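Here the structure comes first, spelled out in structure tokens, and everything after it is commentary.
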Amino acid sequence: MHHDCSPPVVHRDISSNNILLDEEYVAHVSDFGTAKLLKIDSSNWTELVGTYGYIAPELAYTRKVTEKCDVYSFGVLAVEVIKGKHPGDIITSLSSHLTNESTLVKDILDQRLPLPPSEVEEQVMTIVKLATACLHVNPQSRPSMHKISQMLDQFYSPLQC
């Protein structure tokens with residue numbers, strides 16, 4: 001998403017309803033009906049679109065859309081996948097919870113799944129921290145989708161289910 005697009009494109013509705021899996025379980029973004037081309041020399045004000053619970057706070061308050069709005073939505077989606085349900089109200093407390101060194105994978109992962117092997121546990125925590133970084137209140141403090149992609153690529157091969 002976003003990388004090397006000129007002008008930049010924002011989806012504005014990254015949610016579990018708009019992610020499709022192919023036959024090899026590779027995720028693909030779908031439904032580009034709300035996508036918007038960002039104008040470089042413009043304020044990029046927009047009407048509020050997207051799925052409630054995935055919309056970046058600054059978009060909801062200011063109606064100014066940026067690439068970081070999709071990063072926030074991706075963070076919500078990533079936490080949803082990890083927890084097995086939409087994170088809801090815990091989004092605001094998630095980052096402080098993860099800074100506590102005693103946080104265990106079992107406290108974060110979907111409780112219906114068995115705990116991962118210890119060699120995978122550190123990778124899972126790194127991915128959880130990355131997802132949490134996407135939820136930062138300050139949009140400028142969120143990573144870019146390019147950075148997220150680079151970090152996830154290093155974990156893709158070793159994570160075998």
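For the structure tokens, the naming scheme is as follows: chains receive sequential letters (A, B, ...) according to their order of presentation, residues are indexed from 1 within each chain, and ligands are indexed from 1 in presentation order.
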With the cut-off set at 8 Å and counting only C-alpha atoms, tabulate each residue of range 11-86 of chain A with an atom at most that distance from an atom of range 117-139 of chain A, showing the nearest atom pair and its distance in Å to one decimal, ordered by chain and increasing number, as CSV.
```
residue,atom,partner,partner_atom,distance
A:Pro57,CA,A:Val137,CA,7.4
A:Glu58,CA,A:Pro139,CA,7.8
A:Lys68,CA,A:Pro139,CA,5.7
A:Cys69,CA,A:Pro139,CA,7.5
A:Val71,CA,A:Cys134,CA,5.7
A:Tyr72,CA,A:Cys134,CA,5.1
A:Ser73,CA,A:Leu135,CA,8.0
A:Phe74,CA,A:Cys134,CA,7.1
A:Gly75,CA,A:Ala131,CA,4.6
A:Val76,CA,A:Leu135,CA,7.0
A:Ala78,CA,A:Ala131,CA,5.9
A:Val79,CA,A:Ala131,CA,6.3
A:Ile82,CA,A:Val128,CA,7.6
```
Legend entry - Long-range neighbours of Ala27 in chain A as a ChimeraX atom specification, 12 Å cut-off, only C-alpha atoms, 3 positions minimum in chain: /A:14-24,30,77-78,81
Inset, instruction - Pick out the residues sitting within 10 Å of Asp110 in chain A, and hand them over as a PyMOL selection string; count only C-alpha atoms, and ignore anything fewer than 3 positions along from it in its own chain. - result: chain A and resi 79-85+105-107+113-115
Could you write out the selected residues, including all heavy atoms, as a CSV table (one decimal), in the first residue's frame?
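again_10.csv, freshly written:
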```
chain,number,residue,atom,x,y,z
A,79,VAL,N,-4.1,-6.1,15.0
A,79,VAL,CA,-4.4,-6.5,16.3
A,79,VAL,C,-5.6,-7.5,16.3
A,79,VAL,O,-5.7,-8.4,17.1
A,79,VAL,CB,-4.6,-5.3,17.2
A,79,VAL,CG1,-5.1,-5.7,18.6
A,79,VAL,CG2,-3.3,-4.5,17.4
A,80,GLU,N,-6.6,-7.2,15.5
A,80,GLU,CA,-7.7,-8.0,15.4
A,80,GLU,C,-7.4,-9.5,15.0
A,80,GLU,O,-7.9,-10.4,15.5
A,80,GLU,CB,-8.7,-7.5,14.3
A,80,GLU,CG,-10.0,-8.3,14.1
A,80,GLU,CD,-10.9,-7.6,13.2
A,80,GLU,OE1,-10.7,-6.6,12.6
A,80,GLU,OE2,-12.0,-8.2,13.0
A,81,VAL,N,-6.5,-9.6,14.0
A,81,VAL,CA,-6.0,-10.9,13.6
A,81,VAL,C,-5.3,-11.6,14.8
A,81,VAL,O,-5.5,-12.8,15.0
A,81,VAL,CB,-5.1,-10.8,12.4
A,81,VAL,CG1,-4.4,-12.2,12.1
A,81,VAL,CG2,-5.9,-10.4,11.2
A,82,ILE,N,-4.4,-10.9,15.5
A,82,ILE,CA,-3.7,-11.5,16.6
A,82,ILE,C,-4.6,-11.9,17.7
A,82,ILE,O,-4.4,-13.0,18.3
A,82,ILE,CB,-2.6,-10.5,17.1
A,82,ILE,CG1,-1.5,-10.3,16.0
A,82,ILE,CG2,-2.0,-10.9,18.4
A,82,ILE,CD1,-0.7,-9.1,16.1
A,83,LYS,N,-5.5,-11.1,18.1
A,83,LYS,CA,-6.4,-11.4,19.2
A,83,LYS,C,-7.6,-12.3,18.8
A,83,LYS,O,-8.2,-12.9,19.7
A,83,LYS,CB,-7.0,-10.1,19.8
A,83,LYS,CG,-6.0,-9.2,20.5
A,83,LYS,CD,-6.6,-8.2,21.4
A,83,LYS,CE,-7.4,-8.6,22.5
A,83,LYS,NZ,-6.7,-9.5,23.5
A,84,GLY,N,-7.9,-12.4,17.5
A,84,GLY,CA,-9.0,-13.2,17.1
A,84,GLY,C,-10.4,-12.4,17.2
A,84,GLY,O,-11.4,-13.0,17.1
A,85,LYS,N,-10.3,-11.1,17.5
A,85,LYS,CA,-11.5,-10.3,17.6
A,85,LYS,C,-11.1,-8.9,17.5
A,85,LYS,O,-9.9,-8.5,17.8
A,85,LYS,CB,-12.3,-10.6,18.9
A,85,LYS,CG,-11.6,-10.2,20.1
A,85,LYS,CD,-12.4,-10.5,21.4
A,85,LYS,CE,-11.6,-10.2,22.6
A,85,LYS,NZ,-12.4,-10.4,23.8
A,105,VAL,N,2.9,-13.4,25.7
A,105,VAL,CA,2.2,-13.7,24.4
A,105,VAL,C,0.8,-14.3,24.8
A,105,VAL,O,-0.1,-13.9,24.1
A,105,VAL,CB,3.0,-14.7,23.6
A,105,VAL,CG1,2.2,-15.2,22.4
A,105,VAL,CG2,4.3,-14.1,23.0
A,106,LYS,N,0.7,-15.1,25.8
A,106,LYS,CA,-0.6,-15.6,26.1
A,106,LYS,C,-1.6,-14.6,26.5
A,106,LYS,O,-2.8,-14.8,26.4
A,106,LYS,CB,-0.5,-16.7,27.2
A,106,LYS,CG,-0.1,-16.1,28.6
A,106,LYS,CD,-0.1,-17.2,29.6
A,106,LYS,CE,0.2,-16.7,31.0
A,106,LYS,NZ,-0.9,-15.9,31.6
A,107,ASP,N,-1.1,-13.4,26.9
A,107,ASP,CA,-2.1,-12.3,27.3
A,107,ASP,C,-2.6,-11.5,26.1
A,107,ASP,O,-3.5,-10.8,26.2
A,107,ASP,CB,-1.4,-11.3,28.2
A,107,ASP,CG,-1.0,-12.0,29.5
A,107,ASP,OD1,-1.7,-12.9,30.0
A,107,ASP,OD2,0.1,-11.6,30.1
A,113,LEU,N,-6.4,-20.3,20.5
A,113,LEU,CA,-5.2,-21.0,19.8
A,113,LEU,C,-4.2,-21.4,20.9
A,113,LEU,O,-4.0,-20.8,21.9
A,113,LEU,CB,-4.6,-20.0,18.8
A,113,LEU,CG,-5.4,-19.5,17.7
A,113,LEU,CD1,-4.7,-18.4,16.9
A,113,LEU,CD2,-5.9,-20.6,16.8
A,114,PRO,N,-3.5,-22.5,20.5
A,114,PRO,CA,-2.4,-22.9,21.4
A,114,PRO,C,-1.3,-21.9,21.3
A,114,PRO,O,-1.1,-21.2,20.3
A,114,PRO,CB,-1.9,-24.2,20.9
A,114,PRO,CG,-2.4,-24.2,19.5
A,114,PRO,CD,-3.6,-23.4,19.4
A,115,LEU,N,-0.5,-21.8,22.4
A,115,LEU,CA,0.7,-20.8,22.4
A,115,LEU,C,1.7,-21.3,21.4
A,115,LEU,O,1.9,-22.5,21.1
A,115,LEU,CB,1.3,-20.8,23.8
A,115,LEU,CG,0.5,-20.1,24.9
A,115,LEU,CD1,1.2,-20.3,26.2
A,115,LEU,CD2,0.3,-18.7,24.6
```
Inset, instruction - Apply DSSP to the backbone of this structure and, from range 62-147 of chain A, keep only the residues in helix (DSSP H, G or I); write these as a PyMOL selection string. - result: chain A and resi 62+67-83+88-99+105-108+118-133+139-141+145-147
Written file, previous selection with C-alpha atoms, as a compact mmCIF listing (two decimals), in the first residue's frame:
```
# COMPACT_ATOMS: atom_id res chain seq x y z
CA THR A 62 -10.41 16.75 11.38
CA GLU A 67 -1.44 7.84 4.25
CA LYS A 68 -1.13 7.46 8.03
CA CYS A 69 -4.91 7.01 8.26
CA ASP A 70 -4.54 3.70 6.43
CA VAL A 71 -1.59 2.80 8.69
CA TYR A 72 -3.86 3.21 11.72
CA SER A 73 -6.54 1.03 10.12
CA PHE A 74 -3.89 -1.60 9.32
CA GLY A 75 -2.84 -1.56 12.99
CA VAL A 76 -6.40 -2.20 14.12
CA LEU A 77 -6.70 -5.02 11.59
CA ALA A 78 -3.38 -6.57 12.67
CA VAL A 79 -4.39 -6.54 16.34
CA GLU A 80 -7.74 -8.04 15.36
CA VAL A 81 -6.00 -10.94 13.61
CA ILE A 82 -3.66 -11.50 16.57
CA LYS A 83 -6.42 -11.35 19.19
CA GLY A 88 -12.42 -2.34 20.55
CA ASP A 89 -11.79 -0.18 23.58
CA ILE A 90 -8.42 -1.74 24.43
CA ILE A 91 -6.71 0.13 21.57
CA THR A 92 -5.93 3.10 23.80
CA SER A 93 -4.44 0.94 26.56
CA LEU A 94 -2.61 -1.48 24.27
CA SER A 95 0.63 0.48 23.93
CA SER A 96 1.03 0.98 27.68
CA HIS A 97 0.24 -2.70 28.24
CA LEU A 98 3.02 -3.73 25.83
CA THR A 99 5.65 -1.55 27.47
CA VAL A 105 2.23 -13.73 24.44
CA LYS A 106 -0.60 -15.64 26.11
CA ASP A 107 -2.06 -12.31 27.27
CA ILE A 108 -2.20 -10.94 23.72
CA SER A 118 9.18 -20.49 22.12
CA GLU A 119 11.28 -19.87 18.99
CA VAL A 120 8.30 -18.08 17.42
CA GLU A 121 7.19 -16.20 20.53
CA GLU A 122 9.73 -13.36 20.15
CA GLN A 123 8.69 -12.85 16.53
CA VAL A 124 5.05 -12.71 17.55
CA MET A 125 5.82 -10.05 20.16
CA THR A 126 7.75 -8.02 17.57
CA ILE A 127 4.76 -8.14 15.23
CA VAL A 128 2.41 -7.15 18.07
CA LYS A 129 4.65 -4.17 18.88
CA LEU A 130 4.69 -3.19 15.20
CA ALA A 131 0.89 -3.34 15.05
CA THR A 132 0.73 -1.24 18.19
CA ALA A 133 3.07 1.36 16.65
CA PRO A 139 0.07 10.13 12.95
CA GLN A 140 3.65 11.30 12.37
CA SER A 141 4.84 8.76 14.95
CA MET A 145 3.45 1.14 5.17
CA HIS A 146 6.78 0.66 3.38
CA LYS A 147 8.57 0.26 6.74
```
Legend entry - Every residue of range 6-87 of chain A that DSSP places in strand (DSSP E or B), as number ranges by chain: A: 9-10, 19-21, 27-29, 36-37, 45, 64
Inset, instruction - Please identify all polymer residues within 7 Å of Asp13 in chain A, counting only C-alpha atoms, omitting same-chain residues fewer than 2 positions from it, and present them as a VMD selection string. - result: chain A and resid 11 15 34 50 to 51
Mind writing the picked residues with N, CA and C atoms as a CSV table (one decimal), in the first residue's frame?
```csv
chain,number,residue,atom,x,y,z
A,11,HIS,N,-6.7,4.1,0.8
A,11,HIS,CA,-7.8,3.3,0.7
A,11,HIS,C,-9.0,3.8,1.5
A,15,SER,N,-10.2,-2.8,6.5
A,15,SER,CA,-10.9,-3.5,7.6
A,15,SER,C,-11.0,-5.0,7.3
A,34,THR,N,-13.8,3.4,-1.9
A,34,THR,CA,-13.6,4.6,-1.1
A,34,THR,C,-12.2,5.2,-1.2
A,50,GLY,N,-15.4,4.9,5.7
A,50,GLY,CA,-14.7,3.8,6.3
A,50,GLY,C,-15.6,3.0,7.3
A,51,THR,N,-15.0,2.0,7.9
A,51,THR,CA,-15.7,1.2,8.8
A,51,THR,C,-15.4,1.6,10.2
```
Inset, instruction - Take CA of Val10 in chain A and CA of His28 in chain A and report the distance between them in Å, one decimal. - result: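 CA of His28 in chain A lies at a distance of 14.9 Å from CA of Val10 in chain A.
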